[in-house]
$ cat data.txt   # compact mmCIF, C-alpha atoms and all ligand atoms
# COMPACT_ATOMS: atom_id res chain seq x y z
CA MET A 153 -145.21 -111.23 144.82
CA PHE A 154 -148.31 -112.49 146.62
CA LYS A 155 -147.53 -112.89 150.30
CA THR A 156 -149.85 -114.51 152.81
CA THR A 157 -149.78 -113.60 156.50
CA THR A 158 -149.76 -116.41 159.06
CA PRO A 159 -152.68 -115.82 161.39
CA ASP A 160 -152.15 -115.29 165.11
CA ALA A 161 -153.74 -118.64 165.88
CA SER A 162 -153.91 -118.68 169.68
CA GLN A 163 -155.40 -115.20 169.85
CA LEU A 164 -157.99 -116.01 167.19
CA VAL A 165 -158.93 -119.33 168.81
CA GLU A 166 -159.37 -117.57 172.13
CA LYS A 167 -161.80 -115.19 170.46
CA TYR A 168 -163.62 -117.46 167.98
CA GLY A 169 -162.93 -121.02 169.16
CA SER A 170 -161.46 -123.99 167.29
CA PRO A 171 -161.63 -125.21 164.58
CA LEU A 172 -161.48 -121.94 162.66
CA TYR A 173 -161.03 -121.00 159.01
CA VAL A 174 -159.09 -117.77 158.60
CA TYR A 175 -158.92 -115.96 155.24
CA ASP A 176 -156.29 -113.37 154.43
CA GLU A 177 -158.12 -110.31 153.10
CA VAL A 178 -155.01 -108.48 151.85
CA TYR A 179 -154.00 -111.53 149.84
CA LEU A 180 -157.49 -111.94 148.36
CA ARG A 181 -157.49 -108.33 147.30
CA ALA A 182 -154.02 -108.63 145.72
CA ARG A 183 -154.97 -111.74 143.73
CA SER A 184 -158.20 -110.24 142.43
CA GLN A 185 -156.56 -106.94 141.50
CA TYR A 186 -153.83 -108.80 139.62
CA LEU A 187 -156.40 -110.56 137.44
CA MET A 188 -158.35 -107.35 136.90
CA GLN A 189 -155.17 -105.83 135.44
CA GLN A 190 -154.92 -108.51 132.72
CA SER A 191 -156.37 -107.94 129.29
CA SER A 192 -157.31 -109.73 126.10
CA PRO A 193 -157.47 -108.23 122.57
CA PHE A 194 -161.27 -108.46 122.31
CA GLY A 195 -162.08 -107.96 125.98
CA LEU A 196 -161.66 -110.03 129.14
CA THR A 197 -164.18 -110.88 131.86
CA VAL A 198 -162.86 -112.49 135.04
CA ARG A 199 -165.52 -114.55 136.79
CA TYR A 200 -164.88 -115.89 140.25
CA ALA A 201 -166.05 -119.52 140.51
CA VAL A 202 -168.18 -119.13 143.61
CA LYS A 203 -168.16 -122.84 144.44
CA ALA A 204 -164.53 -122.52 145.55
CA ASN A 205 -165.57 -120.40 148.51
CA PRO A 206 -168.90 -118.57 148.73
CA HIS A 207 -168.15 -116.73 151.99
CA PRO A 208 -170.19 -113.49 151.77
CA ALA A 209 -167.23 -111.30 152.73
CA ILE A 210 -165.18 -112.82 149.89
CA ILE A 211 -168.04 -112.25 147.44
CA ARG A 212 -168.28 -108.61 148.59
CA LEU A 213 -164.55 -108.12 148.27
CA PHE A 214 -164.39 -109.58 144.74
CA ALA A 215 -167.52 -107.71 143.61
CA SER A 216 -165.98 -104.44 144.76
CA ALA A 217 -162.77 -105.33 142.88
CA GLY A 218 -164.86 -105.60 139.70
CA LEU A 219 -164.95 -109.36 139.28
CA HIS A 220 -167.97 -111.12 137.80
CA PHE A 221 -169.17 -114.50 139.01
CA ASP A 222 -169.57 -118.07 137.80
CA ALA A 223 -172.28 -120.03 139.60
CA SER A 224 -172.67 -123.79 139.40
CA SER A 225 -176.22 -124.03 140.71
CA SER A 226 -179.31 -121.88 140.69
CA TYR A 227 -179.01 -121.82 144.50
CA GLU A 228 -175.57 -120.25 144.25
CA VAL A 229 -177.13 -117.64 141.95
CA ASP A 230 -179.87 -116.96 144.51
CA ALA A 231 -177.23 -116.41 147.19
CA LEU A 232 -175.35 -113.97 144.92
CA LEU A 233 -178.52 -112.04 144.08
CA GLU A 234 -179.35 -111.83 147.79
CA GLN A 235 -175.94 -110.23 148.26
CA ASN A 236 -176.89 -107.61 145.65
CA VAL A 237 -174.62 -108.90 142.90
CA PRO A 238 -176.32 -107.71 139.67
CA GLY A 239 -177.77 -110.57 137.61
CA GLU A 240 -175.81 -109.37 134.54
CA CYS A 241 -172.58 -110.12 136.41
CA ILE A 242 -173.52 -113.76 137.03
CA SER A 243 -173.13 -116.69 134.66
CA LEU A 244 -174.83 -119.96 135.52
CA SER A 245 -173.62 -123.28 134.16
CA SER A 246 -175.13 -126.06 136.20
CA GLN A 247 -175.34 -129.85 136.07
CA GLN A 248 -178.89 -129.67 137.44
CA PRO A 249 -181.49 -127.65 135.51
CA PRO A 250 -182.23 -124.45 137.48
CA HIS A 251 -185.24 -124.65 139.80
CA ASN A 252 -186.11 -121.00 139.02
CA LEU A 253 -184.88 -120.29 135.50
CA GLU A 254 -187.62 -117.77 134.76
CA LYS A 255 -186.67 -115.68 137.79
CA LEU A 256 -182.97 -115.88 136.95
CA LEU A 257 -183.52 -114.81 133.35
CA SER A 258 -185.61 -111.85 134.39
CA ALA A 259 -182.83 -110.84 136.78
CA GLY A 260 -180.47 -110.75 133.77
CA VAL A 261 -178.41 -113.79 134.75
CA LYS A 262 -176.42 -115.22 131.82
CA PHE A 263 -177.49 -118.80 131.36
CA VAL A 264 -175.24 -121.50 129.93
CA ALA A 265 -177.10 -124.63 128.83
CA THR A 266 -175.09 -127.75 129.61
CA SER A 267 -177.29 -130.25 127.74
CA LEU A 268 -179.92 -130.38 125.00
CA TYR A 269 -182.57 -130.65 127.70
CA GLN A 270 -181.39 -127.42 129.32
CA LEU A 271 -181.32 -125.68 125.93
CA GLU A 272 -184.93 -126.75 125.39
CA ARG A 273 -186.00 -125.45 128.83
CA PHE A 274 -184.32 -122.11 128.08
CA THR A 275 -186.11 -121.94 124.72
CA ASP A 276 -189.46 -122.61 126.42
CA LEU A 277 -189.01 -119.49 128.58
CA ALA A 278 -186.89 -116.99 126.69
CA PRO A 279 -188.33 -114.61 124.08
CA LYS A 280 -187.34 -115.21 120.46
CA GLY A 281 -183.95 -113.71 119.59
CA SER A 282 -182.59 -114.30 123.12
CA ALA A 283 -178.94 -115.16 123.62
CA VAL A 284 -177.70 -118.18 125.54
CA GLY A 285 -174.41 -119.91 126.26
CA LEU A 286 -173.65 -123.55 125.56
CA ARG A 287 -171.18 -125.65 127.51
CA VAL A 288 -169.54 -128.17 125.22
CA ASN A 289 -167.54 -131.21 126.24
CA THR A 290 -164.75 -130.88 123.68
CA GLY A 291 -163.59 -134.45 124.20
CA ASN A 292 -160.23 -133.32 125.65
CA GLY A 293 -159.91 -133.28 129.43
CA ALA A 294 -157.02 -132.38 131.71
CA GLY A 295 -156.77 -132.72 135.44
CA HIS A 296 -154.44 -134.04 138.09
CA ASN A 297 -156.77 -136.98 138.67
CA ASN A 298 -160.04 -138.39 137.33
CA ARG A 299 -162.03 -136.58 139.97
CA THR A 300 -160.96 -133.17 138.72
CA THR A 301 -161.13 -133.82 134.98
CA THR A 302 -164.23 -132.30 133.49
CA ALA A 303 -164.08 -133.18 129.81
CA GLY A 304 -163.61 -136.31 127.73
CA VAL A 305 -165.80 -139.39 127.40
CA SER A 306 -165.83 -140.07 131.15
CA ALA A 307 -167.16 -136.61 132.06
CA SER A 308 -170.87 -135.77 132.14
CA PHE A 309 -170.23 -132.01 131.98
CA GLY A 310 -171.50 -130.10 128.98
CA LEU A 311 -172.96 -131.21 125.66
CA TRP A 312 -170.87 -133.90 123.98
CA HIS A 313 -169.27 -132.22 120.95
CA GLU A 314 -170.77 -134.69 118.47
CA TYR A 315 -174.23 -133.30 119.31
CA LEU A 316 -173.27 -129.71 118.59
CA GLU A 317 -174.91 -129.52 115.16
CA GLN A 318 -178.14 -130.86 116.65
CA ALA A 319 -178.08 -128.08 119.27
CA LEU A 320 -177.32 -125.43 116.64
CA ARG A 321 -180.20 -126.64 114.45
CA TYR A 322 -182.53 -126.56 117.44
CA ALA A 323 -181.46 -123.01 118.37
CA LYS A 324 -181.87 -121.78 114.80
CA LYS A 325 -185.32 -123.35 114.46
CA HIS A 326 -186.49 -121.58 117.65
CA ASP A 327 -184.74 -118.29 116.92
CA ILE A 328 -182.30 -118.53 119.81
CA ILE A 329 -178.75 -117.21 119.48
CA ILE A 330 -175.93 -119.25 120.98
CA ASP A 331 -173.45 -116.42 121.44
CA ARG A 332 -171.29 -117.90 124.17
CA LEU A 333 -169.21 -121.07 124.10
CA HIS A 334 -168.22 -122.53 127.45
CA THR A 335 -165.52 -125.20 127.69
CA HIS A 336 -164.19 -125.83 131.20
CA ILE A 337 -161.82 -128.78 130.71
CA GLY A 338 -160.40 -129.48 134.16
CA SER A 339 -157.20 -128.32 135.76
CA GLY A 340 -153.58 -127.59 134.98
CA ALA A 341 -150.74 -125.11 135.35
CA ASP A 342 -148.77 -125.79 132.18
CA PRO A 343 -149.29 -123.12 129.47
CA LYS A 344 -149.00 -125.96 126.89
CA VAL A 345 -152.06 -127.64 128.40
CA TRP A 346 -153.89 -124.34 128.21
CA ARG A 347 -152.83 -123.76 124.60
CA GLN A 348 -154.28 -127.16 123.78
CA ALA A 349 -157.47 -126.26 125.69
CA ILE A 350 -158.02 -123.02 123.82
CA THR A 351 -157.16 -124.38 120.37
CA THR A 352 -159.62 -127.24 120.90
CA SER A 353 -162.23 -124.72 122.08
CA LEU A 354 -161.59 -122.47 119.09
CA GLU A 355 -162.04 -125.42 116.73
CA ILE A 356 -165.50 -125.82 118.28
CA ALA A 357 -166.11 -122.05 118.01
CA LYS A 358 -165.47 -122.28 114.26
CA ARG A 359 -168.56 -124.47 114.02
CA MET A 360 -170.61 -121.88 115.95
CA PRO A 361 -170.83 -118.78 113.75
CA GLU A 362 -172.86 -116.71 116.22
CA VAL A 363 -170.42 -117.17 119.11
CA THR A 364 -168.83 -113.88 120.20
CA ILE A 365 -167.66 -114.94 123.67
CA LEU A 366 -165.43 -117.83 124.67
CA ASP A 367 -165.59 -118.84 128.33
CA ILE A 368 -162.68 -121.22 128.85
CA GLY A 369 -163.64 -121.94 132.48
CA GLY A 370 -161.36 -122.35 135.49
CA GLY A 371 -158.88 -124.93 136.70
CA TYR A 372 -155.73 -122.79 137.12
CA LYS A 373 -153.77 -124.91 139.57
CA VAL A 374 -151.80 -123.65 142.53
CA ARG A 375 -148.80 -125.07 144.35
CA ARG A 376 -149.78 -126.41 147.74
CA TRP A 377 -147.16 -129.13 147.95
CA SER A 378 -143.77 -129.97 146.48
CA GLY A 379 -144.10 -131.27 142.95
CA GLU A 380 -147.16 -129.09 142.31
CA THR A 381 -146.90 -126.03 140.07
CA GLU A 382 -148.41 -122.60 140.51
CA THR A 383 -150.10 -121.30 137.36
CA ASP A 384 -148.51 -118.20 135.91
CA MET A 385 -151.79 -116.49 135.03
CA GLN A 386 -150.18 -113.79 132.94
CA ARG A 387 -148.46 -116.38 130.75
CA VAL A 388 -151.62 -118.43 130.41
CA ILE A 389 -153.65 -115.36 129.42
CA GLU A 390 -150.92 -114.39 126.94
CA THR A 391 -151.23 -117.89 125.46
CA PHE A 392 -154.99 -117.45 125.19
CA ASN A 393 -154.48 -114.06 123.54
CA GLU A 394 -152.09 -115.42 120.94
CA GLU A 395 -154.59 -118.07 119.93
CA LEU A 396 -157.48 -115.58 119.92
CA LEU A 397 -155.48 -113.37 117.56
CA ASN A 398 -154.73 -116.37 115.32
CA PHE A 399 -158.44 -117.15 115.30
CA LYS A 400 -159.25 -113.56 114.33
CA ARG A 401 -156.73 -113.70 111.46
CA GLU A 402 -158.18 -116.97 110.25
CA THR A 403 -161.90 -116.29 110.63
CA GLY A 404 -162.24 -112.52 110.97
CA ARG A 405 -163.96 -113.05 114.32
CA GLY A 406 -162.64 -111.46 117.51
CA LEU A 407 -163.87 -113.35 120.57
CA HIS A 408 -164.28 -111.82 124.01
CA LEU A 409 -162.52 -114.03 126.57
CA GLU A 410 -163.95 -115.13 129.90
CA ILE A 411 -162.03 -117.04 132.57
CA GLU A 412 -163.49 -118.60 135.72
CA PRO A 413 -160.78 -119.09 138.33
CA GLY A 414 -161.76 -120.34 141.75
CA THR A 415 -158.73 -122.07 143.28
CA TRP A 416 -156.18 -119.57 141.97
CA LEU A 417 -157.96 -116.67 143.64
CA VAL A 418 -158.62 -118.13 147.07
CA ALA A 419 -156.66 -121.35 147.82
CA HIS A 420 -153.57 -119.78 149.39
CA ALA A 421 -155.64 -117.24 151.31
CA GLY A 422 -157.13 -119.75 153.76
CA SER A 423 -155.76 -121.48 156.86
CA LEU A 424 -157.57 -123.91 159.11
CA ILE A 425 -156.67 -123.74 162.77
CA THR A 426 -157.47 -126.91 164.65
CA GLN A 427 -156.58 -128.36 168.03
CA VAL A 428 -154.96 -131.68 168.90
CA VAL A 429 -157.57 -133.29 171.13
CA ASP A 430 -155.94 -136.67 171.70
CA ILE A 431 -152.84 -138.66 170.80
CA VAL A 432 -153.01 -142.44 170.37
CA ASP A 433 -150.77 -145.08 168.86
CA THR A 434 -150.94 -148.60 167.52
CA GLY A 435 -147.81 -149.99 169.13
CA LYS A 436 -144.25 -150.53 167.96
CA GLU A 437 -145.20 -151.70 164.48
CA GLY A 438 -147.90 -149.09 164.08
CA TYR A 439 -148.37 -145.34 163.96
CA THR A 440 -148.84 -142.39 166.27
CA PHE A 441 -152.07 -140.55 165.50
CA LEU A 442 -152.86 -136.95 166.28
CA ARG A 443 -156.60 -136.68 166.68
CA THR A 444 -157.87 -133.20 165.88
CA ASP A 445 -161.11 -131.33 166.52
CA THR A 446 -161.78 -131.08 162.78
CA GLY A 447 -162.04 -133.56 159.91
CA LEU A 448 -164.05 -134.26 156.81
CA ASN A 449 -167.09 -132.47 158.22
CA ASP A 450 -164.98 -129.28 157.81
CA PHE A 451 -162.33 -130.25 155.30
CA MET A 452 -162.67 -133.10 152.80
CA ARG A 453 -159.89 -132.58 150.29
CA PRO A 454 -157.41 -135.02 151.87
CA ALA A 455 -160.04 -137.76 152.28
CA LEU A 456 -161.52 -137.10 148.84
CA TYR A 457 -158.48 -136.59 146.64
CA GLY A 458 -155.48 -137.55 148.76
CA ALA A 459 -154.74 -133.80 148.65
CA GLN A 460 -151.60 -132.64 150.47
CA HIS A 461 -151.64 -129.53 152.64
CA GLU A 462 -148.77 -128.17 154.67
CA MET A 463 -149.28 -128.38 158.45
CA GLN A 464 -147.56 -126.83 161.42
CA ILE A 465 -147.82 -127.68 165.10
CA LEU A 466 -147.89 -124.33 166.85
CA ASN A 467 -145.70 -124.86 169.90
CA SER A 468 -142.10 -124.08 170.78
CA SER A 469 -140.88 -127.70 170.68
CA SER A 470 -137.47 -128.22 169.07
CA THR A 471 -137.96 -131.94 168.51
CA TYR A 472 -139.87 -133.65 165.74
CA ALA A 473 -141.87 -136.85 165.38
CA ASP A 474 -143.82 -138.70 162.70
CA TYR A 475 -147.58 -138.50 163.00
CA VAL A 476 -150.64 -139.54 161.09
CA VAL A 477 -153.06 -136.65 161.50
CA VAL A 478 -156.70 -137.71 161.60
CA GLY A 479 -160.08 -136.06 161.86
CA HIS A 480 -162.60 -136.51 164.66
CA ASN A 481 -165.28 -138.21 162.59
CA CYS A 482 -166.15 -141.82 163.19
CA GLU A 483 -164.87 -142.83 159.77
CA SER A 484 -161.61 -144.62 159.02
CA GLY A 485 -161.25 -142.51 155.87
CA ASP A 486 -161.15 -139.30 157.90
CA ILE A 487 -157.41 -138.84 157.40
CA LEU A 488 -155.74 -135.46 157.06
CA THR A 489 -152.40 -136.93 155.99
CA PRO A 490 -153.17 -139.50 153.32
CA GLU A 491 -150.69 -140.68 150.72
CA GLN A 492 -150.46 -138.06 147.95
CA GLY A 493 -153.25 -138.64 145.46
CA ASP A 494 -154.32 -141.81 147.27
CA PRO A 495 -156.84 -141.35 150.08
CA GLU A 496 -156.87 -145.13 150.66
CA HIS A 497 -153.46 -145.01 152.35
CA ILE A 498 -152.00 -143.04 155.23
CA LYS A 499 -148.70 -141.22 155.14
CA PRO A 500 -147.08 -140.13 158.40
CA ARG A 501 -145.91 -136.52 158.50
CA THR A 502 -142.86 -135.20 160.35
CA LEU A 503 -144.12 -132.44 162.62
CA LYS A 504 -142.96 -130.75 165.81
CA THR A 505 -143.48 -133.05 168.79
CA ALA A 506 -147.06 -132.38 169.81
CA ALA A 507 -149.04 -132.49 173.03
CA ILE A 508 -152.77 -132.63 173.59
CA GLY A 509 -154.12 -129.09 173.45
CA ASP A 510 -151.59 -127.83 170.88
CA LEU A 511 -152.90 -125.97 167.88
CA LEU A 512 -152.25 -127.28 164.37
CA LEU A 513 -152.32 -124.94 161.38
CA ILE A 514 -153.37 -126.41 158.01
CA LYS A 515 -152.44 -124.23 155.05
CA ASP A 516 -153.85 -123.34 151.63
CA VAL A 517 -157.43 -124.25 152.47
CA GLY A 518 -159.18 -121.24 150.95
CA ALA A 519 -160.69 -123.25 148.06
CA TYR A 520 -163.03 -126.27 148.09
CA SER A 521 -162.58 -126.67 151.82
CA ALA A 522 -165.27 -124.88 153.86
CA SER A 523 -167.47 -124.96 150.73
CA MET A 524 -167.11 -128.70 150.17
CA ARG A 525 -167.30 -130.16 153.66
CA ALA A 526 -169.46 -133.10 154.78
CA LYS A 527 -171.37 -130.60 156.89
CA GLY A 528 -173.26 -132.01 159.86
CA TYR A 529 -171.59 -135.43 159.83
CA ASN A 530 -171.48 -136.87 163.37
CA ALA A 531 -173.37 -133.70 164.36
CA PHE A 532 -170.11 -131.82 164.85
CA PRO A 533 -170.57 -128.06 164.61
CA SER A 534 -168.91 -126.55 161.55
CA ALA A 535 -165.70 -124.56 161.79
CA LYS A 536 -166.36 -120.82 161.84
CA GLU A 537 -164.91 -118.71 159.04
CA ILE A 538 -163.42 -115.24 159.41
CA LEU A 539 -161.47 -112.75 157.30
CA THR A 540 -158.51 -111.02 158.89
C1 LIG A 601 -167.46 -124.54 135.09
C2 LIG A 601 -166.38 -124.30 136.07
N1 LIG A 601 -165.78 -123.09 136.09
C3 LIG A 601 -164.81 -122.82 136.98
C4 LIG A 601 -164.39 -123.75 137.91
C5 LIG A 601 -163.33 -123.37 138.87
O1 LIG A 601 -162.23 -124.21 138.83
P1 LIG A 601 -160.96 -123.87 139.72
O2 LIG A 601 -161.43 -123.59 141.07
O3 LIG A 601 -160.14 -125.12 139.62
O4 LIG A 601 -160.31 -122.69 139.08
C6 LIG A 601 -164.97 -125.02 137.91
C7 LIG A 601 -164.54 -126.05 138.87
O5 LIG A 601 -164.93 -127.16 138.92
C8 LIG A 601 -166.01 -125.30 136.97
O6 LIG A 601 -166.61 -126.49 136.94
$ encode --input "data.txt" --output "structure tokens"
Amino acid sequence: MFKTTTPDASQLVEKYGSPLYVYDEVYLRARSQYLMQQSSPFGLTVRYAVKANPHPAIIRLFASAGLHFDASSSYEVDALLEQNVPGECISLSSQQPPHNLEKLLSAGVKFVATSLYQLERFTDLAPKGSAVGLRVNTGNGAGHNNRTTTAGVSASFGLWHEYLEQALRYAKKHDIIIDRLHTHIGSGADPKVWRQAITTSLEIAKRMPEVTILDIGGGYKVRRWSGETETDMQRVIETFNEELLNFKRETGRGLHLEIEPGTWLVAHAGSLITQVVDIVDTGKEGYTFLRTDTGLNDFMRPALYGAQHEMQILNSSSTYADYVVVGHNCESGDILTPEQGDPEHIKPRTLKTAAIGDLLLIKDVGAYSASMRAKGYNAFPSAKEILT
């Protein structure tokens, strides 16, 4: 249903150089339009989680498709405002208190407090009767590893649910309306996990009588590797809708739904073209390493999470060999083929027999790749990014 186009790597590298991020515009448009066609009984807002990939052309494309935006820092908000995204279309939920909250509020940005301290800072600035969101750590997290789980006792995100009454009392005392509940719990693809996420969130919403909007966050996983599952967004939204209707029957309150996908919208759209710049080995008992002209200064997911991405050597060889693909940074952890979920260990990959100078295509790098790189490490220039 959603088809990506393999970029014409050698032509693009000739024009733009290597390494190069290439994003598939047609695919991005198809994914965003698909989400814009979904609905929820009391309204649906789709916010793109900008942190996944803030490339200005992607922001423009999604804004023109009608998406709203989720920002995770006041600096991301600034960048969106500079690109003429209306403040009303931006929601900010940030670990760090905004450096310019007053400016953001006057631009109409929807603020989500993620701690009591942030709620107090909002109250200091906002006129009485103002509305604010509150991110709550529901106590239930889900993610494929600890580094992507954003709720539960080990996560610092959001206000711990046991402090909710304290926050509500504070808001009431200062005449502030908490009308939006935000509960990003982590990541998953299984509709059962999402049913659990929304029922837990709705239990919290019951304790918040002024809440009219539930923002359930992002975390809709995609399949980049065998054993991983692509989220069926329609089924997940249907699950949300069933529970929202149950909530309405039980409480009489119809909640507007917000979702904040990042990965699902952009992950498959990106490829990273890199060049094999050297080939070395560690003898009979060891490994053969393909050294590339990229690495964690452009692409950290393998080194950070042990993330698996498909790779293709772009030559006409009909033979195959096992390689450990590594980055060019002076860092033993700069490995592009780690063990799955375990960046401490390497895992050779069977690829076409390669020669120095061959191009290597790394797939599904549209999300948390260019945006999350160790930029500037070893003074390597960053990979360029283009849409085709
Ligand atoms: C608050 C919030 N919303 C949305 C997202 C987007 O998540 P994903 O890209 O997995 O959909 C994140 C990711 O960390 C997040 O923290």
$ axis_aligned_box --input "data.txt" --around "ligand LIG 601 (chain A)" --padding-each-side "8 Å" --output "AutoDock Vina command-line options"
--center_x -163.8 --center_y -124.9 --center_z 138.1 --size_x 23.3 --size_y 20.5 --size_z 22.0
$ closest_residue --input "data.txt" --among "A:Ser243, A:Gln427, A:Gln492, A:Thr352" --to "ligand LIG 601 (chain A)" --atoms "only C-alpha atoms and all ligand atoms"
A:Ser243
$ closest_atom_pairs --input "data.txt" --of "chain A" --to "ligand LIG 601 (chain A)" --cutoff "9 Å" --atoms "all atoms listed in the file" --output "tab-separated table"
residue	atom	partner	partner_atom	distance
A:Arg199	CA	A:LIG601	C3	8.3
A:Tyr200	CA	A:LIG601	C3	7.7
A:Ala201	CA	A:LIG601	C3	5.0
A:Val202	CA	A:LIG601	C5	8.0
A:Lys203	CA	A:LIG601	C7	7.4
A:Ala204	CA	A:LIG601	O2	5.6
A:Asp222	CA	A:LIG601	N1	6.5
A:Ala223	CA	A:LIG601	C1	8.0
A:Ser224	CA	A:LIG601	C1	6.8
A:Leu244	CA	A:LIG601	C1	8.7
A:Ser245	CA	A:LIG601	C1	6.4
A:Ser246	CA	A:LIG601	C1	7.9
A:Arg287	CA	A:LIG601	C1	8.5
A:Thr300	CA	A:LIG601	O5	7.2
A:Thr301	CA	A:LIG601	O5	8.6
A:Thr302	CA	A:LIG601	O6	7.2
A:Phe309	CA	A:LIG601	O6	8.3
A:His334	CA	A:LIG601	C1	7.9
A:Thr335	CA	A:LIG601	C1	7.7
A:His336	CA	A:LIG601	C1	5.2
A:Ile337	CA	A:LIG601	O6	8.2
A:Gly338	CA	A:LIG601	O5	7.0
A:Ser339	CA	A:LIG601	O3	5.8
A:Gly340	CA	A:LIG601	O3	8.4
A:Asp367	CA	A:LIG601	N1	8.8
A:Ile368	CA	A:LIG601	N1	8.1
A:Gly369	CA	A:LIG601	N1	4.4
A:Gly370	CA	A:LIG601	O4	3.8
A:Gly371	CA	A:LIG601	O3	3.2
A:Tyr372	CA	A:LIG601	O4	5.0
A:Lys373	CA	A:LIG601	O3	6.4
A:Val374	CA	A:LIG601	O3	9.0
A:Ile411	CA	A:LIG601	C3	7.8
A:Glu412	CA	A:LIG601	C3	4.6
A:Pro413	CA	A:LIG601	O4	3.7
A:Gly414	CA	A:LIG601	O2	3.3
A:Thr415	CA	A:LIG601	O2	3.8
A:Trp416	CA	A:LIG601	O4	5.9
A:Leu417	CA	A:LIG601	O4	7.9
A:Val418	CA	A:LIG601	O2	8.6
A:Ala419	CA	A:LIG601	O2	8.6
A:Ala519	CA	A:LIG601	O2	7.0
A:Tyr520	CA	A:LIG601	O2	7.7
$ closest_atom_pairs --input "data.txt" --of "segment 252-272 of chain A" --to "segment 231-234 of chain A" --cutoff "10 Å" --atoms "all atoms listed in the file" --output "tab-separated table"
residue	atom	partner	partner_atom	distance
A:Leu256	CA	A:Leu233	CA	9.2
A:Ala259	CA	A:Leu233	CA	8.6
A:Val261	CA	A:Leu233	CA	9.5
$ write_last_selection --input "data.txt" --atoms "C-alpha atoms" --output "PDB file, in the frame of the given file"
ATOM      1  CA  LEU A 256    -182.970-115.880 136.950  1.00  0.00           C
ATOM      2  CA  ALA A 259    -182.830-110.840 136.780  1.00  0.00           C
ATOM      3  CA  VAL A 261    -178.410-113.790 134.750  1.00  0.00           C
TER       4      VAL A 261
END
$ residues_around --input "data.txt" --residues "segment 473-480 of chain A" --least-positions-apart "3" --cutoff "7 Å" --atoms "all atoms listed in the file" --output "number ranges by chain"
A: 439-448, 486-489, 498-505
$ residues_around --input "data.txt" --residues "segment 521-523 of chain A" --least-positions-apart "5" --cutoff "10 Å" --atoms "all atoms listed in the file" --output "MDAnalysis selection string"
chainID A and resid 173 202:207 419 422:424 448:454 516 534:537
$ write_last_selection --input "data.txt" --atoms "C-alpha atoms" --output "PDB file, in the coordinates of the input"
ATOM      1  CA  TYR A 173    -161.030-121.000 159.010  1.00  0.00           C
ATOM      2  CA  VAL A 202    -168.180-119.130 143.610  1.00  0.00           C
ATOM      3  CA  LYS A 203    -168.160-122.840 144.440  1.00  0.00           C
ATOM      4  CA  ALA A 204    -164.530-122.520 145.550  1.00  0.00           C
ATOM      5  CA  ASN A 205    -165.570-120.400 148.510  1.00  0.00           C
ATOM      6  CA  PRO A 206    -168.900-118.570 148.730  1.00  0.00           C
ATOM      7  CA  HIS A 207    -168.150-116.730 151.990  1.00  0.00           C
ATOM      8  CA  ALA A 419    -156.660-121.350 147.820  1.00  0.00           C
ATOM      9  CA  GLY A 422    -157.130-119.750 153.760  1.00  0.00           C
ATOM     10  CA  SER A 423    -155.760-121.480 156.860  1.00  0.00           C
ATOM     11  CA  LEU A 424    -157.570-123.910 159.110  1.00  0.00           C
ATOM     12  CA  LEU A 448    -164.050-134.260 156.810  1.00  0.00           C
ATOM     13  CA  ASN A 449    -167.090-132.470 158.220  1.00  0.00           C
ATOM     14  CA  ASP A 450    -164.980-129.280 157.810  1.00  0.00           C
ATOM     15  CA  PHE A 451    -162.330-130.250 155.300  1.00  0.00           C
ATOM     16  CA  MET A 452    -162.670-133.100 152.800  1.00  0.00           C
ATOM     17  CA  ARG A 453    -159.890-132.580 150.290  1.00  0.00           C
ATOM     18  CA  PRO A 454    -157.410-135.020 151.870  1.00  0.00           C
ATOM     19  CA  ASP A 516    -153.850-123.340 151.630  1.00  0.00           C
ATOM     20  CA  SER A 534    -168.910-126.550 161.550  1.00  0.00           C
ATOM     21  CA  ALA A 535    -165.700-124.560 161.790  1.00  0.00           C
ATOM     22  CA  LYS A 536    -166.360-120.820 161.840  1.00  0.00           C
ATOM     23  CA  GLU A 537    -164.910-118.710 159.040  1.00  0.00           C
TER      24      GLU A 537
END
$ closest_residue --input "data.txt" --among "A:Ala303, A:Ile425, A:Lys280, A:Val432" --to "Ser162 of chain A" --atoms "only C-alpha atoms"
A:Ile425
$ closest_residue --input "data.txt" --among "A:Val198, A:Pro208, A:Trp377, A:Leu333" --to "Val264 of chain A" --atoms "only C-alpha atoms"
A:Leu333
$ closest_residue --input "data.txt" --among "A:Tyr457, A:Trp346, A:Phe274, A:Tyr175" --to "Ile210 of chain A" --atoms "only C-alpha atoms"
A:Tyr175
$ residues_near_point --input "data.txt" --point "(-176.3, -111.5, 121.4)" --cutoff "9 Å" --atoms "all atoms listed in the file" --output "ChimeraX atom specification"
/A:281-284,329-332,362-364
$ build_atoms --input "data.txt" --residues "segment 349-353 of chain A" --atoms "N, CA and C atoms" --output "tab-separated table (two decimals), in the coordinates of the input"
chain	number	residue	atom	x	y	z
A	349	ALA	N	-156.06	-126.48	125.30
A	349	ALA	CA	-157.47	-126.26	125.69
A	349	ALA	C	-158.11	-125.19	124.82
A	350	ILE	N	-157.38	-124.10	124.59
A	350	ILE	CA	-158.02	-123.02	123.82
A	350	ILE	C	-158.08	-123.36	122.33
A	351	THR	N	-157.07	-124.06	121.81
A	351	THR	CA	-157.16	-124.38	120.37
A	351	THR	C	-158.31	-125.35	120.13
A	352	THR	N	-158.48	-126.31	121.04
A	352	THR	CA	-159.62	-127.24	120.90
A	352	THR	C	-160.93	-126.46	120.98
A	353	SER	N	-161.00	-125.51	121.92
A	353	SER	CA	-162.23	-124.72	122.08
A	353	SER	C	-162.49	-123.88	120.83
